[in-house]
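Q: This structure is in structure tokens; I'll ask about it shortly.
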Number of protein chains: 4
Amino acid sequence: MAGNTFGTLFRITTFGESHGDAVGVIVDGVMPGLDLTEADVQKELDRRKPGQSDVTTPRREPDTVHILSGVFEGKTTGTPILLILYNQDADPSAYKEIKNLFRPGHADYTYLKKYGYRDYRGSGRASGRETSARVAAGAIAKKILVRRGAAITAFTLAVGGIAGKKFAPEAIENNPLRAADPEAAAAMLERVTKAKEAGDSVGGVVECRIRGVPAGLGEPVFDKLEADLAKAMLSIGATKGIEFGAGFKAAEMSGSEHNDELTENGFASNRAGGILGGISTGQEIVFRVAVKPTSSIAVAQNTIDLEGRAAAIQTHGRHDPCICPRIVPVVEAMAALVIEDHWKRQEALRI
Amino acid sequence: MAGNTFGTLFRITTFGESHGDAVGVIVDGVMPGLDLTEADVQKELDRRKPGQSDVTTPRREPDTVHILSGVFEGKTTGTPILLILYNQDADPSAYKEIKNLFRPGHADYTYLKKYGYRDYRGSGRASGRETSARVAAGAIAKKILVRRGAAITAFTLAVGGIAGKKFAPEAIENNPLRAADPEAAAAMLERVTKAKEAGDSVGGVVECRIRGVPAGLGEPVFDKLEADLAKAMLSIGATKGIEFGAGFKAAEMSGSEHNDELTENGFASNRAGGILGGISTGQEIVFRVAVKPTSSIAVAQNTIDLEGRAAAIQTHGRHDPCICPRIVPVVEAMAALVIEDHWKRQEALRI
Amino acid sequence: MAGNTFGTLFRITTFGESHGDAVGVIVDGVMPGLDLTEADVQKELDRRKPGQSDVTTPRREPDTVHILSGVFEGKTTGTPILLILYNQDADPSAYKEIKNLFRPGHADYTYLKKYGYRDYRGSGRASGRETSARVAAGAIAKKILVRRGAAITAFTLAVGGIAGKKFAPEAIENNPLRAADPEAAAAMLERVTKAKEAGDSVGGVVECRIRGVPAGLGEPVFDKLEADLAKAMLSIGATKGIEFGAGFKAAEMSGSEHNDELTENGFASNRAGGILGGISTGQEIVFRVAVKPTSSIAVAQNTIDLEGRAAAIQTHGRHDPCICPRIVPVVEAMAALVIEDHWKRQEALRI
Amino acid sequence: MAGNTFGTLFRITTFGESHGDAVGVIVDGVMPGLDLTEADVQKELDRRKPGQSDVTTPRREPDTVHILSGVFEGKTTGTPILLILYNQDADPSAYKEIKNLFRPGHADYTYLKKYGYRDYRGSGRASGRETSARVAAGAIAKKILVRRGAAITAFTLAVGGIAGKKFAPEAIENNPLRAADPEAAAAMLERVTKAKEAGDSVGGVVECRIRGVPAGLGEPVFDKLEADLAKAMLSIGATKGIEFGAGFKAAEMSGSEHNDELTENGFASNRAGGILGGISTGQEIVFRVAVKPTSSIAVAQNTIDLEGRAAAIQTHGRHDPCICPRIVPVVEAMAALVIEDHWKRQEALRI
């Protein structure tokens with residue numbers, strides 16, 4: 001059973017390769033009558049697209065979205081919505097020189113082992129470009145969530161060990177790292193620039209905060225809200241971990257330190273990250289995602305070729321020295337898909 | 001859409017409450033002809049059952065499993081297997097005194113908000129007892145995986161900040177914490193005993209290592225192996241985070257530090273935790289799960305009652321001061337379910 | 001992917017063999033707060049159980065249902081409901097003499113080919129006994145539908161070519177055939193008795209009418225209401241066809257004869273059977289199911305044994321000379337499951 | 001939960017409206033390494049496309065397919081395949097005059113009731129044009145089935161009560177009705193032409209025969225082969241019934257007449273239609289589908305407008321007087337999707 005479909009009541013199925021003809025997504029389960037234009041989707045795609053700053057890949061993809069179905073006279077019809085982005089700056093020739101080598105840290109090796117076959121053109125489906133389909137679909141979920149009164153904000157919390165200390169949401173779109181702490185953002189930029197100059201890359205942490213979610217979302221015992229958010233986040237390329245609320249710190253605490261007491265004014269703290277027993281508490285939902293350093297680097301590394309012979313490799317493609325700022329909108333999109341899906345599921349349960 | 005089903009080709013559906021008549025599971029998708037007895041399942045349940053040591057709850061549940069369908073003359077028939085555990089030491093009366101209070105850190109509040117209703121008897125489905133059904137189903141998956149040549153080993157890596165330093169697998173079943181480092185186990189036991197004496201609890205980290213998985217398992221782009229393992233682990237009560245390989249440490253590294261180089265003898269390191277691009281590399285799969293301190297404690301805490309009035313609460317039930325040793329077999333079971341499911345999915349893809 | 005789960009928002013998973021320990025079902029997705037007792041389920045099971053009349057099998061199964069989870073203090077909790085029926089009159093010894101023979105018209109041969117294995121005890125999962133789990137689950141769906149104002153009535157329309165001419169619903173439970181036409185019922189009984197005396201069996205047609213379903217149920221383009229009802233009915237053992245409204249007669253008509261005109265008072269006719277474009281029209285839903293004659297007969301037939309050698313066979317088990325009256329409650333149950341599932345799906349779509 | 005996805009291991013999701021920008025499908029679960037070109041798909045689409053003869057609609061859609069993903073250098077990659085057909089002869093203006101009227105027999109009324117909204121342009125998703133996506137996806141399944149040694153042949157068995165008597169497969173593509181009996185084809189053509197001249201339409205029956213399917217396909221108890229084929233066929237617009245083997249005739253027979261005896265050379269007859277207990281027997285699979293007369297006719301009919309006021313309507317669009325010949329390839333496509341999906345499911349079960 002292939003794995004290109006996500007969600008239950010609000011469900012998406014994606015397609016497309018980095019250097020093929022197009023990437024896109026079918027969104028099924030959107031209620032009829034929602035105002036929806038390409039501009040609604042485009043504004044989210046513009047946050048993910050390449051070439052936004054000196055610390056993102058210079059590939060020039062306008063990432064222009066086309067709505068080919070499911071919308072009539074500016075409103076959704078309740079039928080499947082196809083969102084498509086035709087590739088324009090695809091340049092597979094750049095990959096020819098490494099077509100017989102496995103890039104360390106990349107999916108080349110595992111895709112070959114899985115499919116017995118390899119699309120060497122910029123990783124095919126394993127490319128970050130695949131996430132543009134998620135952002136496009138997430139834009140619809142976000143629009144619905146705004147109408148419901150919820151708001152999702154992701155940002156770069158840390159890069160290469162440099163962590164932000166404060167949360168100034170208005171700063172996020174005003175620095176190339178999408179950090180929420182303007183001072184830390186400067187230090188982060190320095191760190192990333194240094195990595196870039198060395199032909200290297202650097203990892204980071206993206207935090208996501210979701211407000212306005214009512215108590216009650218999440219479907220025990222397997223489709224708990226944390227479980228589905230964890231799956232959503234770990235399905236994004238380059239992510240290696242997730243934690244909710246106090247997260248791994250909770251593992252060091254005692255129950256009396258960790259439990260969030262209740263008062264007549266609600267919860268006194270939020271160490272649980274807004275989820276208890278896999279169900280939202282009505283508080284802010286908070287989680288952090290570990291992002292590994294981009295695996296494509298210009299530093300010489302040891303590898304092997306398709307025949308298993310030792311070789312050296314340097315990747316000279318168009319890559320991001322730190323992927324965090326471009327993962328931020330992907331994290332928001334996936335979070336929106338999960339929350340909207342669970343919102344509908346909760347409403348359906350009580351019918 | 002309710003959430004009590006897990007898996008695709010190897011699929012389970014669970015039922016039952018902590019203080020109801022029974023808990024159990026239907027396992028669907030087991031190949032016909034597998035030797036299967038109740039003893040195969042019981043040995044795993046015995047590792048999860050209460051009352052194994054001084055640092056686990058004294059509730060006395062023999063957790064005896066009955067196979068009511070799907071097995072004929074000692075062999076699976078290819079039809080659904082019902083595994084059931086009748087509750088014996090259920091004692092709902094103990095919960096009467098707190099039936100109108102929300103226990104901090106527990107799912108009482110969110111279950112009420114979700115279902116408009118609350119089974120106050122030991123948390124109902126939110127109880128850890130629900131996981132016995134997972135362990136029972138996982139025992140079948142484990143048996144198949146052994147036949148395939150794979151082995152899953154989970155253990156307590158850390159408790160309350162005290163971390164094991166070495167991996168001695170033979171030690172795991174020989175200390176009450178299920179730690180893999182016998183020396184650290186002693187310090188952990190001291191930490192847990194101290195918490196118990198204070199009526200408090202303590203969190204920890206469980207690590208899981210899976211050997212013998214071939215390269216190629218995992219279904220991009222949403223059902224990546226990390227994604228499905230993350231969902232599986234975060235669906236277990238009391239878990240608050242997961243990380244693969246270098247995990248959150250990867251967020252502090254550069255690409256040249258993090259990438260696993262390839263040599264003629266295979267990968268030179270395993271910072272990725274055995275998964276690249278969401279697909280197994282053939283190396284050992286390694287992940288760690290953050291476990292929060294048990295929320296039921298005998299320390300007085302502030303809370304509110306069903307009418308929202310402030311109240312104090314102390315939980316005098318039969319609880320585990322540290323749930324890690326009993327989560328170990330649950331982590332193994334859920335991992336087995338994911339790996340076996342993906343193994344079948346990969347085989348089905350290539351047909 | 002095994003096939004023992006049915007439905008999406010109102011979803012059931014069944015288990016159990018005819019001559020094993022038990023048969024049963026997990027019902028997931030029932031809203032919390034519904035009054036539910038074993039008596040609600042039992043009354044439907046009593047309509048399906050064996051031994052009701054001279055023309056049904058004399059096997060004595062009280063078919064007593066037990067609710068083991070999901071109900072607390074007489075109300076559903078929103079968690080999975082396990083309904084179980086322990087087998088009592090299982091008598092596998094009766095099957096020993098035919099354990100090496102394939103009964104013509106039965107699933108012996110195909111089960112062996114599928115599973116490489118055969119549970120010769122009264123057909124295992126292929127037995128009609130499996131449908132008791134459907135009836136049990138359907139009883140919950142029916143209870144909800146009654147609350148919604150819908151009513152499902154199935155009855156035996158024809159037996160062995162003898163067709164009822166009128167629809168007197170009060171007659172259905174007052175004749176052993178569950179025919180809606182008392183006069184035809186007498187002729188049908190004669191036909192079945194004659195078959196029984198000859199050690200033979202006879203087929204029939206079951207019709208189902210559903211009132212009180214609003215316009216709008218059905219999910220194009222694949223989960224149309226007719227499609228899901230057809231799947232539900234053809235998943236019942238012994239069924240060989242289904243038709244809606246005018247059905248196969250429509251194939252002989254012209255558009256001007258078949259189309260149902262609309263008037264200011266609604267539709268002027270109902271040749272479509274209450275479904276247009278796969279969506280309910282708000283009219284009565286009408287369909288008919290073809291039921292083959294019971295394959296287990298005492299007439300000598302040619303067959304082969306497990307080694308492929310020619311043999312003669314006569315089945316002396318406890319069988320129904322005409323299964324129609326006992327399929328009637330199964331048809332109602334499956335219809336209820338489909339309608340309730342789609343009702344929830346439609347409500348979820350518009351949220 | 002929306003209903004635009006079909007299948008499990010071989011799974012399709014469709015999109016697009018009759019008079020929108022495009023229709024198409026994502027096919028997920030195709031094994032990597034299969035040779036696949038647009039020509040493979042086009043040849044099946046050409047059998048469904050309009051304008052093939054005097055008795056099909058004159059709408060001029062070349063129905064040219066484009067493969068936008070999942071194929072690289074002429075071979076499938078194991079990733080999702082997007083097949084898209086851009087609409088060219090869409091002419092929504094023709095529908096303006098009837099945009100406020102419900103066409104009898106059509107889905108106008110039910111779509112409005114379901115979605116609270118209506119795409120009056122040639123029925124939107126309810127148009128037969130939607131089935132081109134099914135034919136495109138089915139072409140891939142068919143190609144795989146040919147490789148497996150199976151062959152699917154559908155044909156028009158009857159039109160307006162005129163039934164073919166013999167099965168001459170070579171005749172099918174050589175008469176405009178796609179009948180398998182050349183003599184009956186002439187009479188059918190006369191019948192259809194007469195209906196067309198009267199501005200009317202006529203129904204028919206399509207039969208499908210599938211050879212080369214091994215014993216063992218079908219997943220009891222709900223996803224039986226008959227059940228999934230029935231769902232597939234009843235999900236096609238204009239179908240109103242299905243029967244397998246003897247079908248509704250079986251309802252008139254006795255067990256001794258209906259049972260297929262087994263001999264040392266296999267089954268002695270095939271009244272079951274190649275399926276027993278929901279599982280293929282290895283014989284030819286045979287079923288018949290009832291097709292209603294096209295609902296769009298030029299004969300004046302009574303209807304109502306959006307405000308419920310009585311009105312007369314005549315449909316002057318570009319319609320087929322008998323849809324059977326164009327449903328033939330759709331029936332084959334849906335059958336191919338079901339058979340290939342179950343073939344994979346059976347192989348996955350035995351792993």
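By convention in this document, the chains of the structure tokens carry letters A, B, ... by their order, each chain's residues are numbered from 1, and ligands are numbered from 1 in the order they are shown.
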Give me, as a ChimeraX atom specification, the contact residues of chain C against chain B at a cut-off of 8 Å, counting only C-alpha atoms.
A: /C:1-2,4,8-10,13-17,20-23,26,28-29,32-33,68-70,72,77-82,115-119,125
Q: Produce a file of the selected residues containing N, CA, C and O atoms, as a compact mmCIF listing (two decimals), in the first residue's frame.
A:
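Below you can see selection-v9.txt, which holds the result:
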```txt
# COMPACT_ATOMS: atom_id res chain seq x y z
N MET C 1 -4.24 -6.91 2.10
CA MET C 1 -5.10 -6.22 3.06
C MET C 1 -6.35 -7.05 3.27
O MET C 1 -7.11 -7.29 2.34
N ALA C 2 -6.53 -7.50 4.48
CA ALA C 2 -7.66 -8.37 4.80
C ALA C 2 -8.95 -7.57 4.74
O ALA C 2 -8.93 -6.33 4.75
N ASN C 4 -12.03 -7.67 6.74
CA ASN C 4 -13.01 -7.88 7.80
C ASN C 4 -13.49 -6.60 8.46
O ASN C 4 -14.07 -6.64 9.55
N THR C 8 -16.83 3.58 7.26
CA THR C 8 -15.79 4.60 7.48
C THR C 8 -16.01 5.29 8.82
O THR C 8 -15.27 5.06 9.76
N LEU C 9 -17.03 6.11 8.92
CA LEU C 9 -17.27 6.82 10.19
C LEU C 9 -17.99 5.93 11.19
O LEU C 9 -17.80 6.08 12.40
N PHE C 10 -18.82 5.07 10.70
CA PHE C 10 -19.47 4.05 11.54
C PHE C 10 -18.89 2.75 11.03
O PHE C 10 -19.25 2.26 9.96
N THR C 13 -15.64 -4.24 12.61
CA THR C 13 -14.65 -5.27 12.30
C THR C 13 -15.14 -6.55 12.97
O THR C 13 -15.39 -6.56 14.17
N THR C 14 -15.28 -7.60 12.17
CA THR C 14 -15.85 -8.84 12.73
C THR C 14 -14.80 -9.94 12.85
O THR C 14 -13.74 -9.88 12.24
N PHE C 15 -15.14 -10.95 13.64
CA PHE C 15 -14.25 -12.08 13.85
C PHE C 15 -15.09 -13.32 14.15
O PHE C 15 -16.26 -13.21 14.48
N GLY C 16 -14.46 -14.48 14.10
CA GLY C 16 -15.10 -15.69 14.60
C GLY C 16 -15.54 -16.67 13.54
O GLY C 16 -15.88 -16.30 12.42
N GLU C 17 -15.50 -17.94 13.92
CA GLU C 17 -15.88 -19.01 13.02
C GLU C 17 -17.12 -19.74 13.53
O GLU C 17 -17.42 -19.72 14.72
N GLY C 20 -15.97 -22.38 16.10
CA GLY C 20 -14.91 -22.03 17.03
C GLY C 20 -15.51 -21.62 18.37
O GLY C 20 -16.60 -22.07 18.74
N ASP C 21 -14.84 -20.74 19.09
CA ASP C 21 -15.31 -20.36 20.42
C ASP C 21 -16.39 -19.30 20.40
O ASP C 21 -17.25 -19.26 21.28
N ALA C 22 -16.31 -18.39 19.44
CA ALA C 22 -17.23 -17.26 19.46
C ALA C 22 -17.23 -16.56 18.12
O ALA C 22 -16.32 -16.74 17.31
N VAL C 23 -18.27 -15.78 17.89
CA VAL C 23 -18.26 -14.81 16.79
C VAL C 23 -18.59 -13.46 17.40
O VAL C 23 -19.20 -13.39 18.47
N ILE C 26 -16.41 -5.61 16.66
CA ILE C 26 -16.13 -4.32 17.29
C ILE C 26 -16.82 -3.25 16.47
O ILE C 26 -16.64 -3.19 15.25
N ASP C 28 -16.99 0.69 15.97
CA ASP C 28 -16.25 1.90 16.32
C ASP C 28 -16.90 3.10 15.63
O ASP C 28 -17.23 3.03 14.46
N GLY C 29 -17.05 4.18 16.38
CA GLY C 29 -17.62 5.38 15.78
C GLY C 29 -19.03 5.66 16.24
O GLY C 29 -19.70 6.54 15.70
N PRO C 32 -21.09 9.03 21.68
CA PRO C 32 -21.29 8.81 23.11
C PRO C 32 -22.69 9.24 23.54
O PRO C 32 -23.30 10.11 22.91
N GLY C 33 -23.19 8.59 24.60
CA GLY C 33 -24.44 9.04 25.20
C GLY C 33 -25.68 8.33 24.70
O GLY C 33 -26.79 8.63 25.13
N LEU C 68 -19.10 -6.24 25.91
CA LEU C 68 -17.94 -6.30 26.82
C LEU C 68 -17.18 -4.98 26.94
O LEU C 68 -16.26 -4.87 27.75
N SER C 69 -17.53 -4.00 26.13
CA SER C 69 -16.83 -2.71 26.25
C SER C 69 -17.65 -1.62 25.59
O SER C 69 -18.58 -1.91 24.83
N GLY C 70 -17.30 -0.38 25.88
CA GLY C 70 -17.89 0.76 25.18
C GLY C 70 -19.22 1.24 25.72
O GLY C 70 -19.77 2.23 25.22
N PHE C 72 -21.20 2.12 29.44
CA PHE C 72 -21.00 2.31 30.88
C PHE C 72 -22.29 2.88 31.45
O PHE C 72 -22.80 3.88 30.94
N THR C 77 -20.08 5.15 25.37
CA THR C 77 -19.08 6.12 25.84
C THR C 77 -18.31 6.77 24.70
O THR C 77 -17.44 7.60 24.93
N GLY C 78 -18.58 6.36 23.45
CA GLY C 78 -17.82 6.90 22.31
C GLY C 78 -16.60 6.05 22.00
O GLY C 78 -15.89 6.31 21.04
N THR C 79 -16.35 5.03 22.81
CA THR C 79 -15.21 4.13 22.58
C THR C 79 -15.71 2.83 21.95
O THR C 79 -16.92 2.61 21.88
N PRO C 80 -14.81 1.98 21.47
CA PRO C 80 -15.26 0.80 20.71
C PRO C 80 -16.14 -0.14 21.53
O PRO C 80 -15.85 -0.43 22.68
N ILE C 81 -17.18 -0.61 20.89
CA ILE C 81 -18.14 -1.52 21.52
C ILE C 81 -17.85 -2.94 21.04
O ILE C 81 -17.89 -3.20 19.84
N LEU C 82 -17.54 -3.82 21.98
CA LEU C 82 -17.35 -5.23 21.59
C LEU C 82 -18.64 -5.99 21.87
O LEU C 82 -19.09 -6.07 23.02
N TYR C 115 -6.29 -19.74 1.18
CA TYR C 115 -5.50 -19.76 2.41
C TYR C 115 -4.52 -20.92 2.47
O TYR C 115 -3.68 -20.97 3.37
N GLY C 116 -4.63 -21.85 1.49
CA GLY C 116 -3.74 -23.01 1.51
C GLY C 116 -4.08 -23.89 2.69
O GLY C 116 -3.25 -24.62 3.22
N TYR C 117 -5.33 -23.79 3.12
CA TYR C 117 -5.69 -24.28 4.41
C TYR C 117 -7.21 -24.31 4.49
O TYR C 117 -7.87 -23.50 3.89
N ARG C 118 -7.75 -25.21 5.29
CA ARG C 118 -9.20 -25.28 5.34
C ARG C 118 -9.70 -25.65 6.72
O ARG C 118 -9.29 -26.63 7.31
N ASP C 119 -10.61 -24.79 7.22
CA ASP C 119 -11.30 -25.10 8.47
C ASP C 119 -12.58 -25.82 8.08
O ASP C 119 -13.55 -25.21 7.65
N ARG C 125 -15.30 -19.24 8.65
CA ARG C 125 -15.77 -17.88 8.40
C ARG C 125 -16.80 -17.84 7.28
O ARG C 125 -17.53 -16.84 7.15
```
Q: Find the residues around A:Arg211 up to 12 Å (only C-alpha atoms counted), leave out those fewer than 5 positions away in its own chain, and share them as a list in words.
A: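 Everything that qualifies: Leu145, Val146, Arg148, Gly149, Ala150, Ala151, Ile152, Thr153, Ala154, Gly273, Gly274, Ser280, Thr281, Gly282, Gln283, Glu284, Ile285, Val286, Ala335, Ala336 and Ile339 of chain A.
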Q: Would you kindly return, as a list in words, each protein, DNA or RNA residue with an atom no farther than 7 Å from any atom of B:Gly237, considering only C-alpha atoms and excluding same-chain residues fewer than 2 positions away?
A: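 Everything that qualifies: Gly277 of chain A; Gly128, Ser235 and Thr239 of chain B.
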Q: If we count only C-alpha atoms, what is near A:Asn302 at a cut-off of 12 Å, once residues fewer than 3 positions away on the same chain are taken out, given as a PyMOL selection string?
A: (chain A and resi 101-105+299+305+308-315) or (chain B and resi 256+259-269)
Q: If you run DSSP on this backbone, which residues of stretch 21-114 of chain D come out as alpha helix (DSSP H), and could you give them as an NGL selection string?
A: :D and (38-48 or 108-114)
Q: Could you state the separation of atom CA of A:Thr37 and atom CA of A:Glu61 in Å, given to one decimal place?
A: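 Result for atom CA of A:Thr37 versus atom CA of A:Glu61: 20.2 Å, one decimal.
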Q: Go through stretch 161-259 of chain B and collect every residue that DSSP, computed from the backbone, puts in strand (DSSP E); the answer should be as a ChimeraX atom specification.
A: /B:162-163,204-211,239-244
Q: Generate a file of the selected residues that holds all heavy atoms, formatted as a CSV table (one decimal), in the first residue's frame.
A:
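As written to disk, part-v9.csv reads:
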```
chain,number,residue,atom,x,y,z
B,162,ILE,N,18.9,10.3,35.0
B,162,ILE,CA,20.0,9.4,35.2
B,162,ILE,C,20.1,8.5,34.0
B,162,ILE,O,19.1,7.7,33.7
B,162,ILE,CB,19.8,8.5,36.4
B,162,ILE,CG1,19.8,9.4,37.7
B,162,ILE,CG2,20.9,7.4,36.5
B,162,ILE,CD1,19.3,8.7,38.9
B,163,ALA,N,21.1,8.6,33.2
B,163,ALA,CA,21.1,7.9,31.9
B,163,ALA,C,22.1,6.7,31.9
B,163,ALA,O,23.2,6.8,32.5
B,163,ALA,CB,21.5,8.9,30.8
B,204,GLY,N,11.2,9.3,32.2
B,204,GLY,CA,12.4,8.6,31.7
B,204,GLY,C,12.4,8.6,30.2
B,204,GLY,O,11.6,9.2,29.5
B,205,VAL,N,13.4,7.9,29.6
B,205,VAL,CA,13.6,7.8,28.2
B,205,VAL,C,13.7,6.3,27.9
B,205,VAL,O,14.5,5.6,28.5
B,205,VAL,CB,14.8,8.5,27.7
B,205,VAL,CG1,15.0,8.3,26.2
B,205,VAL,CG2,14.7,10.0,27.9
B,206,VAL,N,12.9,5.8,26.9
B,206,VAL,CA,13.0,4.4,26.4
B,206,VAL,C,13.7,4.5,25.1
B,206,VAL,O,13.3,5.2,24.2
B,206,VAL,CB,11.7,3.8,26.4
B,206,VAL,CG1,11.7,2.4,25.7
B,206,VAL,CG2,11.1,3.6,27.8
B,207,GLU,N,14.7,3.6,24.9
B,207,GLU,CA,15.3,3.5,23.6
B,207,GLU,C,14.9,2.2,22.9
B,207,GLU,O,14.7,1.2,23.6
B,207,GLU,CB,16.9,3.6,23.7
B,207,GLU,CG,17.6,3.5,22.3
B,207,GLU,CD,19.0,3.9,22.4
B,207,GLU,OE1,19.3,5.0,22.9
B,207,GLU,OE2,19.9,3.2,21.9
B,208,CYS,N,14.9,2.2,21.6
B,208,CYS,CA,14.5,1.0,20.9
B,208,CYS,C,15.5,0.8,19.7
B,208,CYS,O,15.8,1.7,19.0
B,208,CYS,CB,13.1,1.1,20.4
B,208,CYS,SG,12.5,-0.4,19.6
B,209,ARG,N,16.0,-0.4,19.6
B,209,ARG,CA,16.9,-0.8,18.5
B,209,ARG,C,16.3,-2.0,17.8
B,209,ARG,O,15.9,-3.0,18.4
B,209,ARG,CB,18.3,-1.1,19.1
B,209,ARG,CG,18.9,0.0,19.9
B,209,ARG,CD,20.3,-0.4,20.4
B,209,ARG,NE,20.9,0.7,21.2
B,209,ARG,CZ,22.2,0.8,21.5
B,209,ARG,NH1,23.0,-0.2,21.1
B,209,ARG,NH2,22.6,1.8,22.2
B,210,ILE,N,16.3,-1.8,16.5
B,210,ILE,CA,15.8,-2.9,15.6
B,210,ILE,C,16.8,-3.4,14.6
B,210,ILE,O,17.3,-2.6,13.8
B,210,ILE,CB,14.5,-2.4,14.9
B,210,ILE,CG1,13.6,-1.7,15.8
B,210,ILE,CG2,13.8,-3.6,14.2
B,210,ILE,CD1,12.4,-1.0,15.2
B,211,ARG,N,17.2,-4.6,14.7
B,211,ARG,CA,18.2,-5.2,13.8
B,211,ARG,C,17.5,-6.1,12.8
B,211,ARG,O,16.5,-6.7,13.1
B,211,ARG,CB,19.2,-6.0,14.6
B,211,ARG,CG,20.2,-5.2,15.4
B,211,ARG,CD,21.0,-6.1,16.3
B,211,ARG,NE,22.0,-5.4,17.0
B,211,ARG,CZ,23.3,-5.1,16.5
B,211,ARG,NH1,23.6,-5.6,15.3
B,211,ARG,NH2,24.1,-4.4,17.2
B,239,THR,N,3.8,9.2,26.5
B,239,THR,CA,4.9,9.6,25.7
B,239,THR,C,4.8,11.1,25.2
B,239,THR,O,3.7,11.5,24.9
B,239,THR,CB,5.1,8.7,24.4
B,239,THR,OG1,3.9,8.8,23.7
B,239,THR,CG2,5.2,7.2,24.9
B,240,LYS,N,5.9,11.8,25.2
B,240,LYS,CA,5.9,13.2,24.8
B,240,LYS,C,6.9,13.6,23.8
B,240,LYS,O,7.0,14.8,23.4
B,240,LYS,CB,6.1,14.1,26.1
B,240,LYS,CG,5.1,13.9,27.2
B,240,LYS,CD,3.6,14.2,26.7
B,240,LYS,CE,3.3,15.7,26.6
B,240,LYS,NZ,1.9,15.9,26.3
B,241,GLY,N,7.6,12.6,23.2
B,241,GLY,CA,8.6,13.0,22.2
B,241,GLY,C,9.2,11.7,21.6
B,241,GLY,O,9.2,10.7,22.2
B,242,ILE,N,9.8,11.9,20.4
B,242,ILE,CA,10.6,10.8,19.8
B,242,ILE,C,11.7,11.4,19.0
B,242,ILE,O,11.6,12.5,18.5
B,242,ILE,CB,9.7,9.9,18.9
B,242,ILE,CG1,10.5,8.7,18.4
B,242,ILE,CG2,9.1,10.7,17.8
B,242,ILE,CD1,9.6,7.6,17.8
B,243,GLU,N,12.8,10.7,18.9
B,243,GLU,CA,13.9,11.2,18.0
B,243,GLU,C,14.6,10.0,17.5
B,243,GLU,O,14.7,8.9,18.1
B,243,GLU,CB,14.9,12.1,18.8
B,243,GLU,CG,15.6,11.5,20.0
B,243,GLU,CD,16.6,12.4,20.6
B,243,GLU,OE1,16.7,13.6,20.3
B,243,GLU,OE2,17.4,11.9,21.5
B,244,PHE,N,15.1,10.1,16.2
B,244,PHE,CA,15.7,9.0,15.5
B,244,PHE,C,17.2,9.3,15.4
B,244,PHE,O,17.6,10.4,15.0
B,244,PHE,CB,15.1,8.9,14.1
B,244,PHE,CG,13.7,8.4,14.2
B,244,PHE,CD1,12.6,9.3,14.4
B,244,PHE,CD2,13.4,7.0,14.0
B,244,PHE,CE1,11.3,8.8,14.4
B,244,PHE,CE2,12.1,6.6,14.1
B,244,PHE,CZ,11.1,7.5,14.3
```
Q: Quick one: residues within 10 Å of B:Arg48, only C-alpha atoms, excluding same-chain residues fewer than 2 positions away - as a PyMOL selection string?
A: chain B and resi 42-46+50-52+63+128-129+131-132+135-136+325-330
Q: Need the shell around B:Pro321: protein/DNA/RNA residues with any atom at most 7 Å away, counting only C-alpha atoms. Skip same-chain ones fewer than 4 positions apart. Format as a ChimeraX atom specification?
A: /B:55-56,192,195-196,200-202,294
Q: If we count only C-alpha atoms, what is near D:Ala171 at a cut-off of 12 Å, once residues fewer than 2 positions away on the same chain are taken out, given as a list in words?
A: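 In the requested format, the answer is Thr153, Ala154, Phe155, Thr156, Gly164, Lys166, Phe167, Ala168, Pro169, Glu173, Asn174, Asn175, Pro176, Leu177, Arg178, Ala179, Ala180, Asp181, Pro182, Glu183, Ala184, Ala185 and Ala186 of chain D.
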Q: Could you tell me how far atom CA of C:Ala246 lies from atom CA of D:Lys194, in Å and to one decimal?
A: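 Rounded to one decimal, the two atoms are 22.5 Å apart.
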Q: What is the atom CA of A:Ala187 to atom CA of A:Ala333 distance in Å?
A: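 Atom CA of A:Ala333 lies at a distance of 27.1 Å from atom CA of A:Ala187.
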